[in-house]
$ cat target.pdb   # PDB, C-alpha atoms and all ligand atoms
MODEL        1
ATOM      1  CA  MET A1089     -24.122  -4.113 -21.935
ATOM      2  CA  THR A1090     -21.009  -2.981 -20.055
ATOM      3  CA  THR A1091     -17.989  -5.281 -20.091
ATOM      4  CA  VAL A1092     -16.431  -5.695 -16.650
ATOM      5  CA  PHE A1093     -13.093  -6.941 -15.319
ATOM      6  CA  VAL A1094     -12.793  -7.692 -11.561
ATOM      7  CA  ASN A1095      -9.469  -7.106  -9.785
ATOM      8  CA  GLY A1096      -8.948  -8.704  -6.367
ATOM      9  CA  ALA A1097     -11.391 -11.392  -7.520
ATOM     10  CA  CYS A1098     -10.517 -13.975  -4.861
ATOM     11  CA  GLY A1099     -10.989 -11.620  -1.885
ATOM     12  CA  ARG A1100     -14.110 -11.214   0.257
ATOM     13  CA  MET A1101     -15.393  -8.217  -1.717
ATOM     14  CA  GLY A1102     -14.012  -9.512  -5.035
ATOM     15  CA  GLN A1103     -16.024 -12.714  -4.791
ATOM     16  CA  ALA A1104     -19.217 -10.815  -3.908
ATOM     17  CA  VAL A1105     -18.580  -8.583  -6.960
ATOM     18  CA  LEU A1106     -17.953 -11.585  -9.247
ATOM     19  CA  LYS A1107     -21.353 -12.977  -8.241
ATOM     20  CA  ALA A1108     -23.203  -9.655  -8.503
ATOM     21  CA  VAL A1109     -21.752  -8.862 -11.957
ATOM     22  CA  GLN A1110     -22.662 -12.307 -13.305
ATOM     23  CA  GLU A1111     -26.217 -11.934 -11.968
ATOM     24  CA  ASP A1112     -26.712  -8.428 -13.432
ATOM     25  CA  LYS A1113     -28.311  -8.552 -16.890
ATOM     26  CA  ASP A1114     -26.696  -5.257 -17.936
ATOM     27  CA  LEU A1115     -23.110  -6.289 -17.083
ATOM     28  CA  THR A1116     -20.863  -8.904 -18.733
ATOM     29  CA  LEU A1117     -17.927 -10.373 -16.832
ATOM     30  CA  VAL A1118     -15.023 -10.686 -19.292
ATOM     31  CA  GLY A1119     -12.061 -11.295 -16.982
ATOM     32  CA  ALA A1120     -10.618 -11.203 -13.485
ATOM     33  CA  CYS A1121      -7.268 -10.921 -11.716
ATOM     34  CA  ASP A1122      -5.805 -11.717  -8.301
ATOM     35  CA  ILE A1123      -2.385 -12.702  -6.998
ATOM     36  CA  HIS A1124      -3.952 -16.159  -6.590
ATOM     37  CA  GLY A1125      -4.898 -17.125 -10.187
ATOM     38  CA  GLY A1126      -6.440 -20.124 -11.917
ATOM     39  CA  ALA A1127      -9.950 -20.384 -10.468
ATOM     40  CA  ASP A1128     -13.061 -20.316 -12.663
ATOM     41  CA  THR A1129     -14.983 -17.097 -11.852
ATOM     42  CA  GLY A1130     -18.313 -18.952 -11.929
ATOM     43  CA  SER A1131     -17.557 -21.957  -9.758
ATOM     44  CA  LEU A1132     -15.453 -19.808  -7.368
ATOM     45  CA  VAL A1133     -18.689 -18.123  -6.228
ATOM     46  CA  GLY A1134     -21.103 -21.063  -6.425
ATOM     47  CA  LEU A1135     -22.397 -20.325  -9.947
ATOM     48  CA  PRO A1136     -22.041 -22.617 -12.988
ATOM     49  CA  ALA A1137     -18.493 -22.703 -14.433
ATOM     50  CA  ASN A1138     -18.176 -20.075 -17.210
ATOM     51  CA  GLY A1139     -14.612 -20.577 -18.523
ATOM     52  CA  VAL A1140     -13.524 -17.065 -17.457
ATOM     53  CA  LEU A1141     -10.460 -17.765 -15.311
ATOM     54  CA  VAL A1142      -8.772 -15.570 -12.690
ATOM     55  CA  GLU A1143      -5.444 -14.322 -14.127
ATOM     56  CA  THR A1144      -2.388 -12.913 -12.348
ATOM     57  CA  ASP A1145      -0.979 -10.332 -14.828
ATOM     58  CA  LEU A1146      -3.287  -7.305 -14.755
ATOM     59  CA  ALA A1147      -1.671  -5.308 -17.584
ATOM     60  CA  ALA A1148      -1.566  -8.303 -19.942
ATOM     61  CA  ALA A1149      -5.186  -9.236 -19.186
ATOM     62  CA  LEU A1150      -6.464  -5.667 -19.737
ATOM     63  CA  ALA A1151      -4.474  -5.334 -22.988
ATOM     64  CA  ARG A1152      -5.919  -8.590 -24.303
ATOM     65  CA  LEU A1153      -9.536  -8.298 -23.094
ATOM     66  CA  GLN A1154     -10.029  -4.508 -23.381
ATOM     67  CA  PRO A1155     -12.937  -4.316 -20.917
ATOM     68  CA  GLU A1156     -14.800  -1.028 -20.495
ATOM     69  CA  VAL A1157     -14.593  -1.136 -16.684
ATOM     70  CA  MET A1158     -12.236  -2.565 -14.047
ATOM     71  CA  ILE A1159     -13.733  -2.976 -10.568
ATOM     72  CA  ASP A1160     -10.949  -2.959  -7.929
ATOM     73  CA  PHE A1161     -11.253  -4.366  -4.399
ATOM     74  CA  THR A1162      -7.625  -5.182  -3.570
ATOM     75  CA  ARG A1163      -5.318  -3.602  -0.966
ATOM     76  CA  PRO A1164      -4.406  -0.019  -0.004
ATOM     77  CA  ASP A1165      -0.746  -0.586  -1.024
ATOM     78  CA  VAL A1166      -1.481  -1.799  -4.584
ATOM     79  CA  VAL A1167      -4.667   0.011  -5.610
ATOM     80  CA  PHE A1168      -2.910   3.120  -6.974
ATOM     81  CA  ASP A1169      -0.748   1.095  -9.394
ATOM     82  CA  ASN A1170      -3.809  -0.928 -10.463
ATOM     83  CA  VAL A1171      -5.787   2.226 -11.244
ATOM     84  CA  MET A1172      -2.910   3.785 -13.220
ATOM     85  CA  THR A1173      -2.541   0.529 -15.206
ATOM     86  CA  ALA A1174      -6.268   0.529 -16.013
ATOM     87  CA  LEU A1175      -6.230   4.171 -17.134
ATOM     88  CA  ALA A1176      -3.135   3.565 -19.305
ATOM     89  CA  HIS A1177      -5.215   0.888 -21.097
ATOM     90  CA  LYS A1178      -8.235   3.240 -21.346
ATOM     91  CA  VAL A1179     -10.216   1.027 -18.975
ATOM     92  CA  SER A1180     -12.423   2.930 -16.484
ATOM     93  CA  PRO A1181     -11.575   2.028 -12.884
ATOM     94  CA  VAL A1182     -14.429   1.664 -10.368
ATOM     95  CA  VAL A1183     -12.550   1.633  -7.082
ATOM     96  CA  GLY A1184     -13.798   0.350  -3.752
ATOM     97  CA  THR A1185     -10.375  -0.227  -2.215
ATOM     98  CA  THR A1186      -9.804   2.361   0.496
ATOM     99  CA  GLY A1187      -6.576   4.033   1.634
ATOM    100  CA  LEU A1188      -5.739   6.193  -1.429
ATOM    101  CA  SER A1189      -4.008   9.426  -0.329
ATOM    102  CA  GLU A1190      -5.092  12.880  -1.522
ATOM    103  CA  GLU A1191      -1.905  13.067  -3.655
ATOM    104  CA  GLN A1192      -2.725   9.725  -5.286
ATOM    105  CA  LYS A1193      -6.299  10.871  -5.990
ATOM    106  CA  SER A1194      -5.005  13.980  -7.743
ATOM    107  CA  GLU A1195      -2.597  11.831  -9.805
ATOM    108  CA  ILE A1196      -5.572   9.644 -10.773
ATOM    109  CA  ARG A1197      -7.609  12.741 -11.681
ATOM    110  CA  LYS A1198      -4.805  13.883 -14.011
ATOM    111  CA  ALA A1199      -4.373  10.415 -15.558
ATOM    112  CA  ALA A1200      -8.138  10.127 -16.170
ATOM    113  CA  GLU A1201      -8.073  13.425 -18.055
ATOM    114  CA  VAL A1202      -4.855  12.720 -20.002
ATOM    115  CA  ASN A1203      -6.162   9.297 -21.088
ATOM    116  CA  ASN A1204      -9.687  10.641 -21.700
ATOM    117  CA  THR A1205     -10.986   7.772 -19.563
ATOM    118  CA  PRO A1206     -13.440   8.404 -16.705
ATOM    119  CA  ALA A1207     -12.671   6.979 -13.247
ATOM    120  CA  PHE A1208     -14.837   6.462 -10.175
ATOM    121  CA  ILE A1209     -13.894   6.001  -6.509
ATOM    122  CA  ALA A1210     -16.327   5.374  -3.634
ATOM    123  CA  PRO A1211     -15.190   4.898  -0.042
ATOM    124  CA  ASN A1212     -18.548   3.229   0.586
ATOM    125  CA  PHE A1213     -20.892   1.654  -1.968
ATOM    126  CA  ALA A1214     -23.772   1.031   0.472
ATOM    127  CA  ILE A1215     -26.715   3.371  -0.174
ATOM    128  CA  GLY A1216     -27.425   3.598   3.575
ATOM    129  CA  ALA A1217     -23.880   4.766   4.252
ATOM    130  CA  VAL A1218     -24.185   7.390   1.506
ATOM    131  CA  LEU A1219     -27.408   8.634   3.124
ATOM    132  CA  LEU A1220     -25.609   8.725   6.496
ATOM    133  CA  MET A1221     -22.948  11.017   4.980
ATOM    134  CA  VAL A1222     -25.459  13.290   3.248
ATOM    135  CA  LEU A1223     -27.659  13.540   6.379
ATOM    136  CA  SER A1224     -24.580  14.162   8.582
ATOM    137  CA  LYS A1225     -23.590  17.098   6.392
ATOM    138  CA  GLN A1226     -27.122  18.526   6.777
ATOM    139  CA  ALA A1227     -27.123  18.032  10.560
ATOM    140  CA  ALA A1228     -23.660  19.600  11.001
ATOM    141  CA  LYS A1229     -24.981  22.954   9.753
ATOM    142  CA  TYR A1230     -27.070  23.153  12.929
ATOM    143  CA  MET A1231     -25.023  20.941  15.319
ATOM    144  CA  PRO A1232     -21.329  21.547  14.495
ATOM    145  CA  ASP A1233     -19.901  19.578  17.453
ATOM    146  CA  VAL A1234     -19.537  16.045  16.124
ATOM    147  CA  GLU A1235     -17.545  12.856  16.701
ATOM    148  CA  ILE A1236     -17.408   9.823  14.408
ATOM    149  CA  ILE A1237     -17.098   6.221  15.566
ATOM    150  CA  GLU A1238     -16.448   3.618  12.860
ATOM    151  CA  LEU A1239     -16.459  -0.117  13.586
ATOM    152  CA  HIS A1240     -15.007  -2.788  11.268
ATOM    153  CA  HIS A1241     -13.812  -6.413  11.203
ATOM    154  CA  ASP A1242     -10.265  -6.901  12.469
ATOM    155  CA  ASN A1243      -8.788  -7.782   9.038
ATOM    156  CA  LYS A1244      -9.174  -4.201   7.839
ATOM    157  CA  LEU A1245      -5.750  -2.694   7.009
ATOM    158  CA  ASP A1246      -6.435   1.066   7.067
ATOM    159  CA  ALA A1247      -7.730   3.327   9.840
ATOM    160  CA  PRO A1248      -9.745   5.436  10.020
ATOM    161  CA  SER A1249     -12.032   3.981   7.353
ATOM    162  CA  GLY A1250     -12.444   5.726   4.000
ATOM    163  CA  THR A1251     -16.105   6.301   4.898
ATOM    164  CA  ALA A1252     -15.187   8.066   8.147
ATOM    165  CA  ILE A1253     -12.706  10.341   6.352
ATOM    166  CA  GLN A1254     -15.226  11.097   3.582
ATOM    167  CA  THR A1255     -17.919  11.844   6.212
ATOM    168  CA  ALA A1256     -15.558  14.244   7.997
ATOM    169  CA  ALA A1257     -14.635  15.881   4.683
ATOM    170  CA  MET A1258     -18.314  16.403   3.789
ATOM    171  CA  ILE A1259     -19.082  17.805   7.255
ATOM    172  CA  ALA A1260     -16.042  20.105   6.983
ATOM    173  CA  GLU A1261     -17.642  21.704   3.899
ATOM    174  CA  VAL A1262     -20.331  23.241   6.162
ATOM    175  CA  ARG A1263     -18.612  23.317   9.580
ATOM    176  CA  ALA A1264     -16.120  26.053  10.520
ATOM    177  CA  GLU A1265     -12.900  24.403  11.732
ATOM    178  CA  HIS A1266     -12.756  24.368  15.532
ATOM    179  CA  LYS A1267     -11.199  22.207  18.247
ATOM    180  CA  GLN A1268     -13.703  20.181  20.250
ATOM    181  CA  GLY A1269     -13.509  19.124  23.886
ATOM    182  CA  HIS A1270     -11.957  21.113  26.757
ATOM    183  CA  PRO A1271      -9.141  23.412  25.590
ATOM    184  CA  ASP A1272      -6.888  21.991  28.361
ATOM    185  CA  GLU A1273      -7.740  18.298  27.852
ATOM    186  CA  LYS A1274      -4.780  15.854  28.052
ATOM    187  CA  GLU A1275      -4.684  12.254  26.852
ATOM    188  CA  LYS A1276      -3.540   9.931  29.662
ATOM    189  CA  LEU A1277      -3.140   7.190  27.056
ATOM    190  CA  SER A1278      -2.037   8.224  23.554
ATOM    191  CA  GLY A1279      -4.899   8.016  21.038
ATOM    192  CA  ALA A1280      -7.669   8.174  23.655
ATOM    193  CA  ARG A1281      -9.379  11.057  21.846
ATOM    194  CA  GLY A1282      -9.018   9.424  18.417
ATOM    195  CA  ALA A1283      -7.825  10.943  15.140
ATOM    196  CA  ASP A1284      -8.226  14.679  14.584
ATOM    197  CA  TYR A1285      -9.880  15.995  11.389
ATOM    198  CA  GLU A1286     -10.109  19.793  11.617
ATOM    199  CA  GLY A1287     -10.938  19.446  15.320
ATOM    200  CA  MET A1288     -13.494  16.616  14.810
ATOM    201  CA  HIS A1289     -12.506  13.310  16.391
ATOM    202  CA  ILE A1290     -12.694   9.937  14.628
ATOM    203  CA  HIS A1291     -12.530   6.683  16.606
ATOM    204  CA  SER A1292     -11.778   3.308  14.945
ATOM    205  CA  VAL A1293     -12.967   0.020  16.501
ATOM    206  CA  ARG A1294     -11.584  -3.278  15.092
ATOM    207  CA  LEU A1295     -13.215  -6.507  16.282
ATOM    208  CA  PRO A1296     -14.067  -9.917  14.820
ATOM    209  CA  GLY A1297     -17.783 -10.144  14.068
ATOM    210  CA  TYR A1298     -18.235  -6.676  12.611
ATOM    211  CA  VAL A1299     -18.583  -5.997   8.847
ATOM    212  CA  ALA A1300     -18.736  -2.172   8.388
ATOM    213  CA  HIS A1301     -20.575   0.200  10.734
ATOM    214  CA  GLN A1302     -20.488   3.890  11.568
ATOM    215  CA  GLU A1303     -22.068   6.276  14.058
ATOM    216  CA  VAL A1304     -21.977  10.039  13.745
ATOM    217  CA  ILE A1305     -22.816  11.685  17.074
ATOM    218  CA  PHE A1306     -23.770  15.348  17.234
ATOM    219  CA  GLY A1307     -23.853  17.203  20.566
ATOM    220  CA  GLY A1308     -25.810  20.385  21.283
ATOM    221  CA  LEU A1309     -27.264  22.211  24.243
ATOM    222  CA  GLY A1310     -29.101  19.577  26.313
ATOM    223  CA  GLN A1311     -29.328  17.138  23.393
ATOM    224  CA  THR A1312     -27.467  14.685  21.200
ATOM    225  CA  LEU A1313     -28.314  13.258  17.794
ATOM    226  CA  THR A1314     -26.900   9.914  16.615
ATOM    227  CA  ILE A1315     -27.012   8.764  12.992
ATOM    228  CA  ARG A1316     -25.922   5.136  12.533
ATOM    229  CA  HIS A1317     -25.470   2.837   9.564
ATOM    230  CA  ASP A1318     -24.724  -0.905   9.598
ATOM    231  CA  SER A1319     -23.593  -3.004   6.647
ATOM    232  CA  LEU A1320     -24.657  -6.460   7.815
ATOM    233  CA  ASN A1321     -23.023  -8.326   4.934
ATOM    234  CA  ARG A1322     -21.088  -7.604   1.725
ATOM    235  CA  GLU A1323     -24.235  -7.791  -0.431
ATOM    236  CA  SER A1324     -25.067  -4.321   0.928
ATOM    237  CA  PHE A1325     -22.361  -2.854  -1.365
ATOM    238  CA  MET A1326     -23.356  -4.647  -4.580
ATOM    239  CA  PRO A1327     -26.207  -2.457  -5.943
ATOM    240  CA  GLY A1328     -23.880   0.554  -5.635
ATOM    241  CA  VAL A1329     -20.945  -1.255  -7.278
ATOM    242  CA  CYS A1330     -23.114  -2.384 -10.229
ATOM    243  CA  LEU A1331     -24.643   1.102 -10.591
ATOM    244  CA  ALA A1332     -21.162   2.680 -10.748
ATOM    245  CA  ALA A1333     -19.992   0.078 -13.303
ATOM    246  CA  LYS A1334     -22.966   0.978 -15.537
ATOM    247  CA  LYS A1335     -22.584   4.755 -15.161
ATOM    248  CA  VAL A1336     -18.818   5.369 -15.082
ATOM    249  CA  ARG A1337     -18.308   5.493 -18.866
ATOM    250  CA  GLY A1338     -20.786   8.398 -19.063
ATOM    251  CA  LEU A1339     -18.817  10.487 -16.527
ATOM    252  CA  ARG A1340     -15.809  12.772 -17.101
ATOM    253  CA  GLY A1341     -12.455  12.798 -15.284
ATOM    254  CA  LEU A1342     -12.488  11.481 -11.713
ATOM    255  CA  THR A1343     -15.734  11.235  -9.713
ATOM    256  CA  ILE A1344     -15.589  10.504  -5.973
ATOM    257  CA  GLY A1345     -18.557   9.230  -3.948
ATOM    258  CA  LEU A1346     -21.714   7.277  -4.742
ATOM    259  CA  ASP A1347     -23.749  10.372  -3.773
ATOM    260  CA  GLN A1348     -22.539  11.896  -7.083
ATOM    261  CA  LEU A1349     -24.533   9.211  -8.978
ATOM    262  CA  LEU A1350     -27.750   9.574  -6.962
ATOM    263  CA  GLU A1351     -30.398  12.280  -6.903
ATOM    264  CA  PHE A1352     -31.258  13.931  -3.567
TER     265      PHE A1352
HETATM  266  P1  LIG B1401      -9.490  -9.160   1.026
HETATM  267  O1  LIG B1401      -8.153  -9.185   1.710
HETATM  268  O2  LIG B1401     -10.490 -10.208   1.362
HETATM  269  O3  LIG B1401      -9.286  -9.203  -0.568
HETATM  270  C1  LIG B1401      -8.258  -8.535  -1.247
HETATM  271  C2  LIG B1401      -7.896  -9.370  -2.466
HETATM  272  O4  LIG B1401      -6.999  -8.625  -3.267
HETATM  273  C3  LIG B1401      -7.192 -10.698  -2.088
HETATM  274  O5  LIG B1401      -7.806 -11.790  -2.764
HETATM  275  C4  LIG B1401      -5.762 -10.483  -2.578
HETATM  276  O6  LIG B1401      -5.129 -11.679  -2.999
HETATM  277  C5  LIG B1401      -6.003  -9.531  -3.748
HETATM  278  N1  LIG B1401      -4.805  -8.779  -4.127
HETATM  279  C6  LIG B1401      -3.809  -8.290  -3.349
HETATM  280  N2  LIG B1401      -2.894  -7.662  -4.092
HETATM  281  C7  LIG B1401      -3.317  -7.750  -5.369
HETATM  282  C8  LIG B1401      -2.802  -7.276  -6.597
HETATM  283  N3  LIG B1401      -1.658  -6.591  -6.656
HETATM  284  N4  LIG B1401      -3.509  -7.516  -7.716
HETATM  285  C9  LIG B1401      -4.674  -8.199  -7.685
HETATM  286  N5  LIG B1401      -5.220  -8.683  -6.543
HETATM  287  C10 LIG B1401      -4.537  -8.455  -5.401
HETATM  288  O7  LIG B1401     -10.076  -7.701   1.294
HETATM  289  P2  LIG B1401     -11.609  -7.237   1.215
HETATM  290  O8  LIG B1401     -12.278  -7.394   2.537
HETATM  291  O9  LIG B1401     -12.239  -7.839   0.005
HETATM  292  O10 LIG B1401     -11.436  -5.655   1.009
HETATM  293  C11 LIG B1401     -10.734  -5.134  -0.102
HETATM  294  C12 LIG B1401     -10.722  -3.611  -0.030
HETATM  295  O11 LIG B1401     -12.055  -3.107  -0.211
HETATM  296  C13 LIG B1401     -10.226  -3.010   1.289
HETATM  297  O12 LIG B1401      -9.455  -1.862   1.029
HETATM  298  C14 LIG B1401     -11.516  -2.619   2.005
HETATM  299  O13 LIG B1401     -11.334  -1.569   2.924
HETATM  300  C15 LIG B1401     -12.338  -2.171   0.825
HETATM  301  N6  LIG B1401     -13.799  -2.154   1.010
HETATM  302  C16 LIG B1401     -14.469  -1.116   0.434
HETATM  303  C17 LIG B1401     -15.850  -1.061   0.490
HETATM  304  C18 LIG B1401     -16.572   0.059  -0.208
HETATM  305  O14 LIG B1401     -17.814   0.111  -0.163
HETATM  306  N7  LIG B1401     -15.854   0.973  -0.883
HETATM  307  C19 LIG B1401     -16.561  -2.064   1.160
HETATM  308  C20 LIG B1401     -15.863  -3.110   1.735
HETATM  309  C21 LIG B1401     -14.468  -3.160   1.651
ENDMDL
END
$ encode --input "target.pdb" --output "structure tokens" --more "lines below"
Ligand code: NAD
Amino acid sequence: MTTVFVNGACGRMGQAVLKAVQEDKDLTLVGACDIHGGADTGSLVGLPANGVLVETDLAAALARLQPEVMIDFTRPDVVFDNVMTALAHKVSPVVGTTGLSEEQKSEIRKAAEVNNTPAFIAPNFAIGAVLLMVLSKQAAKYMPDVEIIELHHDNKLDAPSGTAIQTAAMIAEVRAEHKQGHPDEKEKLSGARGADYEGMHIHSVRLPGYVAHQEVIFGGLGQTLTIRHDSLNRESFMPGVCLAAKKVRGLRGLTIGLDQLLEF
């Protein structure tokens, strides 16, 4: 049994995690936190009341409850402090919140080692999205001209998505850096060609109705290849979140990406 604390418990992902953890026979929900406290973590998500209430002081709750794992789905501007608080209490963070900078990730890596407490971050917990990244890296060896289009609901705070950046980073491991498009191309409207990652372009769509979707389009001589993944609802992330919560204590330092926990 792994004891789990959920941070950001009242949010869209937090509530899905509360439900998934309570329904997983190998995980025990011991506490939860959000800036909106007070709710019962069972009845909040349509399960029987369990007496575990959402609290508002993360450090105090972790010190008192001493869970093995803290799952964090909060906001890009608070996730770093949450993770450092968890590590200071020797609680392993499993982080779904996106928007951590490279500098913050290296600070987390150091803190995980100093505190001898493993940490896990995944920009996308959906197995299909992980496969999309792994397959994109394979395809880029043979078709190195590639653009990424990611599509999300319009409440998302960061752009491009963590998944798009991670996909570009994985492709960059096998693709020599080069600028795509015509060497003399000019944007008539700023941003028309999207964000630039080592010459690859990433385009972010934000519309009501979407959950989380991504297309990776490869272009070659007389052909294109499109790999697409759609998360149709937040349940798509839950098997990955629960798997990471069960495995994180057996890892060392900081691990990034659900692909690191799967066999290919
Ligand atoms: P949301 O706005 O619905 O929920 C965020 C919750 O965090 C809110 O309830 C808010 O009150 C709470 N919160 C804010 N500051 C807090 C703090 N300091 N301490 C504790 N709680 C705090 O957002 P969401 O749609 O649930 O998404 C949350 C994050 O998860 C986003 O960064 C999103 O991009 C990311 N996400 C990641 C994945 C993945 O697979 N890795 C999937 C979906 C969403």
$ residues_near_ligand --input "target.pdb" --ligand "ligand LIG 1401 (chain B)" --cutoff "6 Å" --atoms "all atoms listed in the file" --output "MDAnalysis selection string"
chainID A and resid 1095:1102 1121:1124 1161:1164 1166 1184:1186 1210:1213 1244 1325
$ closest_residue --input "target.pdb" --among "A:Pro1181, A:Pro1155, A:Gly1139, A:Gly1134" --to "Met1089 of chain A" --atoms "only C-alpha atoms"
A:Pro1155
$ resolve_selection --input "target.pdb" --expression "the PyMOL selection byres (((chain A and resi 1238-1241) around 10) and not hetatm)" --output "ChimeraX atom specification"
/A:1236-1237,1242-1245,1247-1252,1290-1304,1316-1319
$ atom_distance --input "target.pdb" --atom1 "atom CA of Thr1091 of chain A" --atom2 "atom CA of Asp1145 of chain A"
18.5 Å
$ residues_around --input "target.pdb" --residues "Gln1311 of chain A" --least-positions-apart "6" --cutoff "12 Å" --atoms "all atoms listed in the file" --output "list in words"
Met1231, Asp1233 and Ile1305 of chain A
$ resolve_selection --input "target.pdb" --expression "the PyMOL selection byres (((chain A and resi 1207-1209) around 8) and not hetatm)" --output "list of chain:residue names"
A:Ser1180, A:Pro1181, A:Val1182, A:Val1183, A:Gly1184, A:Ile1196, A:Arg1197, A:Ala1200, A:Thr1205, A:Pro1206, A:Ala1210, A:Pro1211, A:Ala1332, A:Val1336, A:Leu1339, A:Arg1340, A:Gly1341, A:Leu1342, A:Thr1343, A:Ile1344, A:Gly1345
$ resolve_selection --input "target.pdb" --expression "the PyMOL selection byres (((chain A and resi 1141) around 12) and not hetatm)" --output "PyMOL selection string"
chain A and resi 1093-1094+1097-1098+1106+1117-1122+1124-1132+1137-1140+1142-1144+1149
$ closest_residue --input "target.pdb" --among "A:Leu1219, A:Val1202, A:Ile1253, A:Val1157" --to "Leu1188 of chain A" --atoms "all atoms listed in the file"
A:Ile1253
$ closest_residue --input "target.pdb" --among "A:Met1288, A:Val1222, A:Leu1175, A:Ile1215" --to "Gln1268 of chain A" --atoms "only C-alpha atoms"
A:Met1288
$ atom_distance --input "target.pdb" --atom1 "atom CA of Leu1313 of chain A" --atom2 "atom CA of Gly1287 of chain A"
18.6 Å
$ atom_distance --input "target.pdb" --atom1 "atom CA of Thr1090 of chain A" --atom2 "atom CA of Phe1352 of chain A"
25.7 Å
$ residues_around --input "target.pdb" --residues "Ala1147 of chain A" --least-positions-apart "3" --cutoff "9 Å" --atoms "all atoms listed in the file" --output "list of chain:residue names"
A:Leu1150, A:Ala1151, A:Arg1152, A:Asn1170, A:Thr1173, A:Ala1174, A:His1177
$ axis_aligned_box --input "target.pdb" --around "segment 1274-1291 of chain A" --padding-each-side "8 Å" --output "JSON"
{"center_x": -7.8, "center_y": 13.2, "center_z": 20.5, "size_x": 27.5, "size_y": 29.1, "size_z": 34.3}
$ residues_near_point --input "target.pdb" --point "(-12.6, 21.7, 15.3)" --cutoff "12 Å" --atoms "all atoms listed in the file" --output "ChimeraX atom specification"
/A:1232-1235,1256,1259-1260,1263-1271,1283-1290
$ decode --input "target.pdb" --residues "segment 1108-1120 of chain A" --atoms "N, CA, C and O atoms" --output "compact mmCIF listing (two decimals), in the first residue's frame"
# COMPACT_ATOMS: atom_id res chain seq x y z
N ALA A 1108 -9.67 8.42 -8.52
CA ALA A 1108 -8.84 7.29 -8.98
C ALA A 1108 -8.07 6.68 -7.82
O ALA A 1108 -7.96 5.44 -7.70
N VAL A 1109 -7.50 7.51 -6.94
CA VAL A 1109 -6.70 7.00 -5.82
C VAL A 1109 -7.60 6.20 -4.87
O VAL A 1109 -7.23 5.10 -4.41
N GLN A 1110 -8.80 6.71 -4.61
CA GLN A 1110 -9.70 6.01 -3.68
C GLN A 1110 -10.20 4.69 -4.28
O GLN A 1110 -10.56 3.77 -3.54
N GLU A 1111 -10.22 4.60 -5.61
CA GLU A 1111 -10.70 3.37 -6.25
C GLU A 1111 -9.57 2.37 -6.52
O GLU A 1111 -9.83 1.27 -6.99
N ASP A 1112 -8.32 2.77 -6.25
CA ASP A 1112 -7.18 1.88 -6.52
C ASP A 1112 -6.84 1.11 -5.24
O ASP A 1112 -6.52 1.70 -4.21
N LYS A 1113 -6.85 -0.22 -5.34
CA LYS A 1113 -6.69 -1.03 -4.11
C LYS A 1113 -5.26 -0.97 -3.56
O LYS A 1113 -5.03 -1.33 -2.41
N ASP A 1114 -4.32 -0.51 -4.36
CA ASP A 1114 -2.93 -0.43 -3.89
C ASP A 1114 -2.53 0.95 -3.38
O ASP A 1114 -1.38 1.17 -3.02
N LEU A 1115 -3.46 1.90 -3.40
CA LEU A 1115 -3.17 3.26 -2.93
C LEU A 1115 -4.14 3.63 -1.81
O LEU A 1115 -5.30 3.23 -1.83
N THR A 1116 -3.63 4.38 -0.81
CA THR A 1116 -4.48 4.87 0.28
C THR A 1116 -4.42 6.38 0.32
O THR A 1116 -3.32 6.96 0.45
N LEU A 1117 -5.55 7.03 0.21
CA LEU A 1117 -5.61 8.49 0.29
C LEU A 1117 -5.56 8.89 1.77
O LEU A 1117 -6.43 8.52 2.55
N VAL A 1118 -4.51 9.66 2.13
CA VAL A 1118 -4.39 10.05 3.55
C VAL A 1118 -4.65 11.54 3.77
O VAL A 1118 -4.84 11.98 4.90
N GLY A 1119 -4.63 12.34 2.70
CA GLY A 1119 -4.85 13.77 2.89
C GLY A 1119 -4.90 14.49 1.56
O GLY A 1119 -4.61 13.91 0.50
N ALA A 1120 -5.30 15.77 1.62
CA ALA A 1120 -5.43 16.57 0.40
C ALA A 1120 -5.32 18.04 0.75
O ALA A 1120 -5.56 18.43 1.90
